[in-house]
file query_6.txt (compact mmCIF, C-alpha atoms)
# COMPACT_ATOMS: atom_id res chain seq x y z
CA MET A 1 39.53 84.42 66.01
CA ALA A 2 39.59 87.67 67.93
CA THR A 3 41.84 90.40 66.59
CA ALA A 4 43.46 93.00 68.84
CA THR A 5 42.91 96.61 67.84
CA PRO A 6 45.72 99.17 68.07
CA SER A 7 44.04 100.82 71.06
CA ARG A 8 44.24 97.52 72.94
CA LEU A 9 47.76 96.70 71.81
CA VAL A 10 49.39 99.81 73.27
CA PRO A 11 48.30 99.23 76.89
CA ALA A 12 49.07 95.53 76.54
CA ALA A 13 52.59 96.24 75.33
CA ALA A 14 53.15 98.76 78.13
CA LEU A 15 51.89 96.29 80.71
CA THR A 16 54.10 93.53 79.37
CA ALA A 17 57.17 95.77 79.47
CA ALA A 18 56.36 96.90 83.01
CA LEU A 19 55.93 93.32 84.17
CA ALA A 20 59.18 92.33 82.53
CA LEU A 21 61.13 95.10 84.23
CA ALA A 22 59.48 94.67 87.61
CA GLY A 23 59.10 90.96 87.94
CA CYS A 24 61.16 89.04 85.42
CA GLY A 25 64.60 89.16 86.97
CA GLY A 26 65.18 92.83 87.59
CA ALA A 27 66.68 93.74 84.24
CA ALA A 28 66.58 97.40 85.19
CA ARG A 29 68.59 97.01 88.37
CA PRO A 30 71.56 99.37 88.69
CA ARG A 31 74.77 97.69 87.50
CA SER A 32 76.63 98.32 90.73
CA ALA A 33 74.13 96.28 92.72
CA ALA A 34 74.44 93.27 90.45
CA SER A 35 78.08 93.36 89.35
CA PRO A 36 80.25 90.53 90.63
CA PHE A 37 83.19 92.89 90.15
CA ALA A 38 81.97 95.70 92.37
CA TRP A 39 85.07 95.09 94.47
CA LEU A 40 87.28 96.33 91.61
CA ARG A 41 88.12 99.92 92.41
CA PRO A 42 91.06 101.00 90.23
CA ALA A 43 93.89 102.24 92.44
CA ALA A 44 97.64 102.16 92.79
CA ALA A 45 98.95 99.51 95.17
CA PRO A 46 100.98 100.34 98.32
CA SER A 47 104.50 101.58 97.64
CA SER A 48 105.93 98.46 99.30
CA TRP A 49 104.55 96.30 96.48
CA ASN A 50 106.66 95.44 93.44
CA VAL A 51 105.62 96.34 89.93
CA GLY A 52 105.65 93.84 87.08
CA ARG A 53 105.70 95.31 83.59
CA LEU A 54 105.27 93.77 80.19
CA PRO A 55 108.59 93.79 78.28
CA SER A 56 106.92 96.18 75.83
CA GLY A 57 106.07 98.54 78.67
CA ALA A 58 102.45 98.59 77.55
CA ALA A 59 100.95 97.44 80.86
CA SER A 60 101.83 96.71 84.47
CA PHE A 61 100.41 95.52 87.78
CA ALA A 62 101.65 95.52 91.33
CA TYR A 63 102.28 92.35 93.30
CA PRO A 64 102.74 91.91 97.03
CA PRO A 65 105.98 91.51 98.97
CA GLY A 66 106.88 87.83 99.24
CA TRP A 67 105.77 87.12 95.71
CA HIS A 68 108.38 86.78 92.97
CA SER A 69 108.56 86.86 89.19
CA ILE A 70 108.58 83.44 87.53
CA ARG A 71 109.42 82.01 84.15
CA THR A 72 106.77 82.99 81.66
CA ASP A 73 106.02 83.14 77.95
CA PRO A 74 108.02 85.64 75.88
CA GLY A 75 106.45 89.08 75.91
CA THR A 76 104.53 88.43 79.12
CA PHE A 77 105.07 88.86 82.85
CA SER A 78 104.13 86.46 85.66
CA ALA A 79 104.54 86.58 89.43
CA ALA A 80 103.75 83.89 91.96
CA LEU A 81 103.56 83.05 95.62
CA THR A 82 105.07 79.62 95.87
CA GLY A 83 104.91 77.02 98.60
CA PRO A 84 106.80 73.82 99.38
CA GLY A 85 107.98 72.01 96.27
CA HIS A 86 107.61 75.19 94.22
CA ARG A 87 103.86 74.65 94.25
CA ILE A 88 102.09 77.76 93.00
CA ARG A 89 99.72 79.09 95.65
CA GLY A 90 99.09 82.46 94.09
CA TYR A 91 99.56 83.46 90.46
CA LEU A 92 99.46 86.71 88.51
CA ASN A 93 100.05 87.10 84.80
CA GLU A 94 99.74 89.79 82.16
CA THR A 95 99.82 88.93 78.47
CA PRO A 96 99.28 91.06 75.39
CA GLN A 97 96.24 90.17 73.31
CA SER A 98 97.51 87.23 71.27
CA GLY A 99 94.57 85.47 69.62
CA ASP A 100 90.89 85.96 68.93
CA GLU A 101 90.07 87.19 72.43
CA THR A 102 88.18 90.47 72.57
CA LEU A 103 86.28 92.48 75.15
CA ALA A 104 83.07 91.39 73.45
CA ASN A 105 83.70 87.63 73.50
CA TRP A 106 85.71 87.38 76.70
CA GLY A 107 82.92 85.88 78.78
CA THR A 108 82.87 82.80 76.59
CA PHE A 109 86.36 82.89 75.12
CA ARG A 110 88.25 82.49 78.40
CA VAL A 111 86.50 79.36 79.63
CA ALA A 112 86.56 77.81 76.14
CA HIS A 113 90.27 78.56 75.90
CA ASN A 114 90.97 76.95 79.24
CA ARG A 115 89.17 73.80 78.08
CA GLU A 116 91.14 73.79 74.84
CA GLU A 117 94.37 73.95 76.81
CA GLY A 118 93.42 70.76 78.62
CA ASP A 119 91.86 72.13 81.80
CA ARG A 120 88.97 70.07 83.11
CA GLN A 121 85.91 70.80 85.19
CA VAL A 122 85.97 74.36 83.91
CA VAL A 123 83.11 76.28 85.46
CA ARG A 124 82.41 79.92 84.78
CA GLU A 125 81.18 81.66 87.90
CA SER A 126 80.56 85.18 86.67
CA THR A 127 81.33 87.60 83.89
CA ALA A 128 81.03 91.33 83.37
CA ALA A 129 81.64 93.91 80.67
CA GLY A 130 82.32 97.60 80.98
CA VAL A 131 84.64 97.15 83.96
CA ARG A 132 86.78 100.20 84.64
CA PHE A 133 90.54 99.98 85.14
CA ARG A 134 93.18 102.64 85.74
CA SER A 135 94.20 102.61 82.08
CA GLY A 136 90.98 101.75 80.30
CA VAL A 137 87.95 99.54 80.26
CA GLY A 138 87.68 95.78 80.24
CA SER A 139 85.70 92.59 80.48
CA CYS A 140 86.20 90.12 83.31
CA VAL A 141 85.45 86.51 84.17
CA THR A 142 85.76 84.44 87.30
CA ASP A 143 85.98 80.70 86.84
CA ARG A 144 87.50 77.58 88.31
CA TYR A 145 89.16 74.57 86.76
CA ALA A 146 91.49 71.63 87.25
CA THR A 147 94.74 71.57 85.28
CA THR A 148 96.24 68.62 83.46
CA THR A 149 98.07 67.63 86.63
CA GLY A 150 94.92 67.71 88.73
CA ALA A 151 95.71 70.99 90.49
CA HIS A 152 92.60 73.07 91.11
CA TYR A 153 92.53 76.82 90.64
CA ARG A 154 90.06 79.63 90.80
CA GLU A 155 90.82 82.71 88.71
CA ILE A 156 89.93 86.27 87.91
CA ALA A 157 90.71 86.91 84.24
CA CYS A 158 90.21 90.27 82.58
CA ILE A 159 90.95 91.70 79.16
CA VAL A 160 91.59 95.42 79.24
CA ARG A 161 91.72 97.86 76.36
CA GLY A 162 93.98 100.78 77.13
CA ALA A 163 95.70 103.53 75.21
CA ARG A 164 98.82 101.39 74.74
CA GLY A 165 97.13 98.19 73.69
CA THR A 166 94.84 95.40 74.80
CA THR A 167 96.14 93.15 77.57
CA VAL A 168 94.92 90.18 79.58
CA ILE A 169 95.50 89.99 83.32
CA VAL A 170 94.99 86.77 85.25
CA ALA A 171 94.94 86.29 89.02
CA ALA A 172 94.60 82.73 90.33
CA ALA A 173 94.87 80.65 93.48
CA PRO A 174 93.75 77.22 94.64
CA PRO A 175 90.20 77.27 96.03
CA SER A 176 91.59 76.24 99.41
CA ASP A 177 93.73 79.40 99.54
CA TRP A 178 91.23 81.71 97.88
CA SER A 179 89.73 83.33 100.94
CA ARG A 180 93.18 84.17 102.25
CA LEU A 181 94.72 85.37 98.99
CA ALA A 182 91.73 86.99 97.29
CA PRO A 183 92.34 90.42 98.86
CA GLN A 184 95.88 90.49 97.44
CA LEU A 185 94.81 89.14 94.06
CA ARG A 186 92.06 91.72 93.80
CA ARG A 187 94.39 94.52 94.82
CA SER A 188 96.81 93.49 92.08
CA VAL A 189 94.05 93.41 89.48
CA ALA A 190 92.84 96.81 90.66
CA SER A 191 96.37 98.18 90.24
CA PHE A 192 96.55 97.08 86.60
CA ALA A 193 97.44 99.99 84.33
CA MET B 1 47.53 83.10 82.06
CA ILE B 2 50.70 82.19 83.90
CA VAL B 3 52.06 80.57 80.80
CA ARG B 4 51.25 83.64 78.76
CA LEU B 5 52.88 85.91 81.34
CA VAL B 6 56.08 83.88 81.34
CA VAL B 7 56.19 83.90 77.56
CA ALA B 8 55.57 87.63 77.50
CA CYS B 9 58.34 88.23 80.01
CA ALA B 10 60.78 86.12 78.03
CA LEU B 11 59.92 87.81 74.77
CA THR B 12 60.10 91.27 76.26
CA LEU B 13 63.39 90.67 78.00
CA GLY B 14 64.77 89.20 74.82
CA SER B 15 63.81 92.28 72.91
CA LEU B 16 65.22 94.59 75.57
CA ALA B 17 68.55 92.78 75.93
CA PRO B 18 70.28 94.37 72.94
CA LEU B 19 69.44 97.78 74.35
CA SER B 20 71.26 97.27 77.63
CA GLY B 21 74.74 98.72 78.12
CA ALA B 22 77.43 97.33 80.40
CA VAL B 23 76.22 94.09 81.85
CA ALA B 24 77.16 91.53 84.44
CA SER B 25 75.95 87.97 84.66
CA ALA B 26 76.61 84.65 86.32
CA SER B 27 76.11 81.36 84.53
CA PRO B 28 77.60 77.90 84.05
CA GLY B 29 78.78 78.91 80.61
CA HIS B 30 78.81 75.53 78.89
CA ALA B 31 76.49 76.40 76.03
CA THR B 32 78.12 79.72 75.23
CA ALA B 33 81.61 78.24 75.43
CA HIS B 34 80.66 75.84 72.66
CA ALA B 35 79.78 78.78 70.44
CA ALA B 36 83.09 80.46 71.19
CA LYS B 37 85.00 77.38 70.10
CA HIS B 38 83.33 77.48 66.73
CA HIS B 39 84.02 81.19 66.43
CA LYS B 40 87.66 80.62 67.16
CA LYS B 41 88.06 77.80 64.67
CA ARG B 42 86.59 79.93 61.91
CA HIS B 43 89.23 82.59 62.42
CA HIS B 44 92.55 80.80 62.65
CA HIS B 45 94.01 83.22 60.12
CA LYS B 46 93.55 86.13 62.51
CA ARG B 47 95.94 84.81 65.16
CA HIS B 48 99.18 86.59 65.73
CA HIS B 49 101.86 87.09 68.37
CA GLY B 50 102.23 83.31 68.70
CA ILE B 51 103.18 82.18 72.18
CA PRO B 52 104.23 78.55 72.57
CA GLN B 53 101.99 76.27 74.60
CA HIS B 54 102.19 72.76 75.99
CA ASN B 55 105.75 73.20 77.21
CA GLY B 56 106.71 74.64 73.89
CA GLY B 57 110.27 75.49 74.84
CA ASP B 58 109.77 77.94 77.66
CA HIS B 59 108.76 75.46 80.39
CA ASP B 60 106.61 78.04 82.12
CA ALA B 61 104.05 77.18 84.77
CA ASP B 62 101.12 77.34 82.38
CA ASN B 63 102.62 74.53 80.33
CA ASN B 64 103.35 72.28 83.28
CA GLY B 65 100.04 71.97 85.06
CA GLY B 66 100.15 75.38 86.69
CA PRO B 67 97.48 78.07 86.44
CA SER B 68 96.42 79.15 82.97
CA ASP B 69 98.08 82.31 81.75
CA GLY B 70 96.50 85.00 79.63
CA ASP B 71 97.64 83.61 76.31
CA GLY B 72 94.80 83.55 73.80
CA ASN B 73 96.44 80.98 71.56
CA THR B 74 95.67 77.30 71.81

call {"tool": "encode", "arguments": {"input": "query_6.txt", "output": "structure tokens"}}
result
Amino acid sequence: MATATPSRLVPAAALTAALALAGCGGAARPRSAASPFAWLRPAAAPSSWNVGRLPSGAASFAYPPGWHSIRTDPGTFSAALTGPGHRIRGYLNETPQSGDETLANWGTFRVAHNREEGDRQVVRESTAAGVRFRSGVGSCVTDRYATTTGAHYREIACIVRGARGTTVIVAAAPPSDWSRLAPQLRRSVASFA
Amino acid sequence: MIVRLVVACALTLGSLAPLSGAVASASPGHATAHAAKHHKKRHHHKRHHGIPQHNGGDHDADNNGGPSDGDGNT
């Protein structure tokens, strides 16, 4: 059996690393070019938008005119754009960290949690860490699912660690309305502070 | 040679992965979600700030077939 000498191993290792970086999926690409959340530029929303705050005051986001606050879990805030029959067409929610979710596990936690709550056909589309918000840094996921009643939604879900606590923000809409509502949903997420 | 190259790439990328900083990825997520479930079940004692689910008294949208909220409790 042939044995590699140290003088041969060094160039081989360098070549392997170079090949990996250049031709094995672009691991060295700048984050901005690859991030599915490049659209998220933290900024205050227009003054005409309403602001929804957690009862604790620890976090807030802006939501567009025409949307309204809806019944939600204690300690949280939700706003929605509703259609005929009170059907939810657009949905925004902020909730204080309440379980085992963390910035580190968010990419897997969120979709697993949706399944555990009874959602079906849960498909994660993208995930990212190190996402900047107005009040801190977070991890984000986009996914889609069908609820227990068969309604289909696509969502942006982020967990953000700020100076006043760690909070989850969710923005969702049916896939059929996504292209129309996504700019508003994204603006709301970008306003989160 | 091709096989060796692929293996080398996989091994090298695997060794480089822990060194990367903020990352972004896109994947189906089924395999990793399974791992998260196990993680969660091992740490029931860490839960706090309980928020009722499955129409647990508040009748909010999340508990009636609406979009999922940000609650991390089951």

call {"tool": "axis_aligned_box", "arguments": {"input": "query_6.txt", "around": "segment 90-109 of chain A", "padding_each_side": "3 Å", "output": "AutoDock Vina command-line options"}}
result
--center_x 91.5 --center_y 87.5 --center_z 81.5 --size_x 23.2 --size_y 16.0 --size_z 31.2

call {"tool": "closest_residue", "arguments": {"input": "query_6.txt", "among": "A:Ser69, A:Thr148, A:Gln97, A:Asn50", "to": "Ile169 of chain A", "atoms": "only C-alpha atoms"}}
result
A:Gln97

call {"tool": "residues_near_point", "arguments": {"input": "query_6.txt", "point": "(93.7, 74.5, 82.7)", "cutoff": "7 Å", "atoms": "all atoms listed in the file", "output": "list in words"}}
result
Asn114, Arg115, Glu117, Gly118, Asp119, Arg120, Tyr145, Ala146, Thr147 and Thr148 of chain A; Pro67 and Ser68 of chain B

call {"tool": "interface_residues", "arguments": {"input": "query_6.txt", "of": "chain A", "to": "chain B", "cutoff": "8 Å", "atoms": "all atoms listed in the file", "output": "tab-separated table (two decimals) with C-alpha atoms, in the coordinates of the input"}}
result
chain	number	residue	atom	x	y	z
A	16	THR	CA	54.10	93.53	79.37
A	17	ALA	CA	57.17	95.77	79.47
A	19	LEU	CA	55.93	93.32	84.17
A	20	ALA	CA	59.18	92.33	82.53
A	21	LEU	CA	61.13	95.10	84.23
A	24	CYS	CA	61.16	89.04	85.42
A	27	ALA	CA	66.68	93.74	84.24
A	31	ARG	CA	74.77	97.69	87.50
A	34	ALA	CA	74.44	93.27	90.45
A	35	SER	CA	78.08	93.36	89.35
A	36	PRO	CA	80.25	90.53	90.63
A	70	ILE	CA	108.58	83.44	87.53
A	71	ARG	CA	109.42	82.01	84.15
A	72	THR	CA	106.77	82.99	81.66
A	73	ASP	CA	106.02	83.14	77.95
A	74	PRO	CA	108.02	85.64	75.88
A	88	ILE	CA	102.09	77.76	93.00
A	91	TYR	CA	99.56	83.46	90.46
A	93	ASN	CA	100.05	87.10	84.80
A	94	GLU	CA	99.74	89.79	82.16
A	95	THR	CA	99.82	88.93	78.47
A	96	PRO	CA	99.28	91.06	75.39
A	97	GLN	CA	96.24	90.17	73.31
A	98	SER	CA	97.51	87.23	71.27
A	99	GLY	CA	94.57	85.47	69.62
A	100	ASP	CA	90.89	85.96	68.93
A	101	GLU	CA	90.07	87.19	72.43
A	105	ASN	CA	83.70	87.63	73.50
A	108	THR	CA	82.87	82.80	76.59
A	109	PHE	CA	86.36	82.89	75.12
A	111	VAL	CA	86.50	79.36	79.63
A	112	ALA	CA	86.56	77.81	76.14
A	113	HIS	CA	90.27	78.56	75.90
A	114	ASN	CA	90.97	76.95	79.24
A	116	GLU	CA	91.14	73.79	74.84
A	117	GLU	CA	94.37	73.95	76.81
A	123	VAL	CA	83.11	76.28	85.46
A	124	ARG	CA	82.41	79.92	84.78
A	125	GLU	CA	81.18	81.66	87.90
A	126	SER	CA	80.56	85.18	86.67
A	127	THR	CA	81.33	87.60	83.89
A	128	ALA	CA	81.03	91.33	83.37
A	129	ALA	CA	81.64	93.91	80.67
A	130	GLY	CA	82.32	97.60	80.98
A	147	THR	CA	94.74	71.57	85.28
A	148	THR	CA	96.24	68.62	83.46
A	149	THR	CA	98.07	67.63	86.63
A	150	GLY	CA	94.92	67.71	88.73
A	151	ALA	CA	95.71	70.99	90.49
A	153	TYR	CA	92.53	76.82	90.64
A	157	ALA	CA	90.71	86.91	84.24
A	168	VAL	CA	94.92	90.18	79.58
A	169	ILE	CA	95.50	89.99	83.32
A	170	VAL	CA	94.99	86.77	85.25
A	172	ALA	CA	94.60	82.73	90.33
A	173	ALA	CA	94.87	80.65	93.48

call {"tool": "atom_distance", "arguments": {"input": "query_6.txt", "atom1": "atom CA of Trp178 of chain A", "atom2": "atom CA of Arg87 of chain A"}}
result
14.9 Å

call {"tool": "atom_distance", "arguments": {"input": "query_6.txt", "atom1": "atom CA of Tyr63 of chain A", "atom2": "atom CA of Gln184 of chain A"}}
result
7.8 Å

call {"tool": "atom_distance", "arguments": {"input": "query_6.txt", "atom1": "atom CA of Val141 of chain A", "atom2": "atom CA of Phe37 of chain A"}}
result
9.0 Å

call {"tool": "closest_residue", "arguments": {"input": "query_6.txt", "among": "A:Ser48, A:Thr142, A:Arg186, A:Pro84", "to": "Gly107 of chain A", "atoms": "all atoms listed in the file"}}
result
A:Thr142

call {"tool": "residues_around", "arguments": {"input": "query_6.txt", "residues": "Ile159 of chain A", "least_positions_apart": "6", "cutoff": "8 Å", "atoms": "all atoms listed in the file", "output": "PDB file with C-alpha atoms, keeping the file's coordinate frame"}}
result
ATOM      1  CA  THR A 102      88.180  90.470  72.570  1.00  0.00           C
ATOM      2  CA  LEU A 103      86.280  92.480  75.150  1.00  0.00           C
ATOM      3  CA  TRP A 106      85.710  87.380  76.700  1.00  0.00           C
ATOM      4  CA  GLY A 138      87.680  95.780  80.240  1.00  0.00           C
ATOM      5  CA  SER A 139      85.700  92.590  80.480  1.00  0.00           C
ATOM      6  CA  CYS A 140      86.200  90.120  83.310  1.00  0.00           C
ATOM      7  CA  THR A 166      94.840  95.400  74.800  1.00  0.00           C
ATOM      8  CA  THR A 167      96.140  93.150  77.570  1.00  0.00           C
ATOM      9  CA  VAL A 168      94.920  90.180  79.580  1.00  0.00           C
ATOM     10  CA  ILE A 169      95.500  89.990  83.320  1.00  0.00           C
TER      11      ILE A 169
END

call {"tool": "closest_residue", "arguments": {"input": "query_6.txt", "among": "A:Trp39, A:Arg53, A:Arg134, A:Pro65", "to": "Ser191 of chain A", "atoms": "all atoms listed in the file"}}
result
A:Arg134
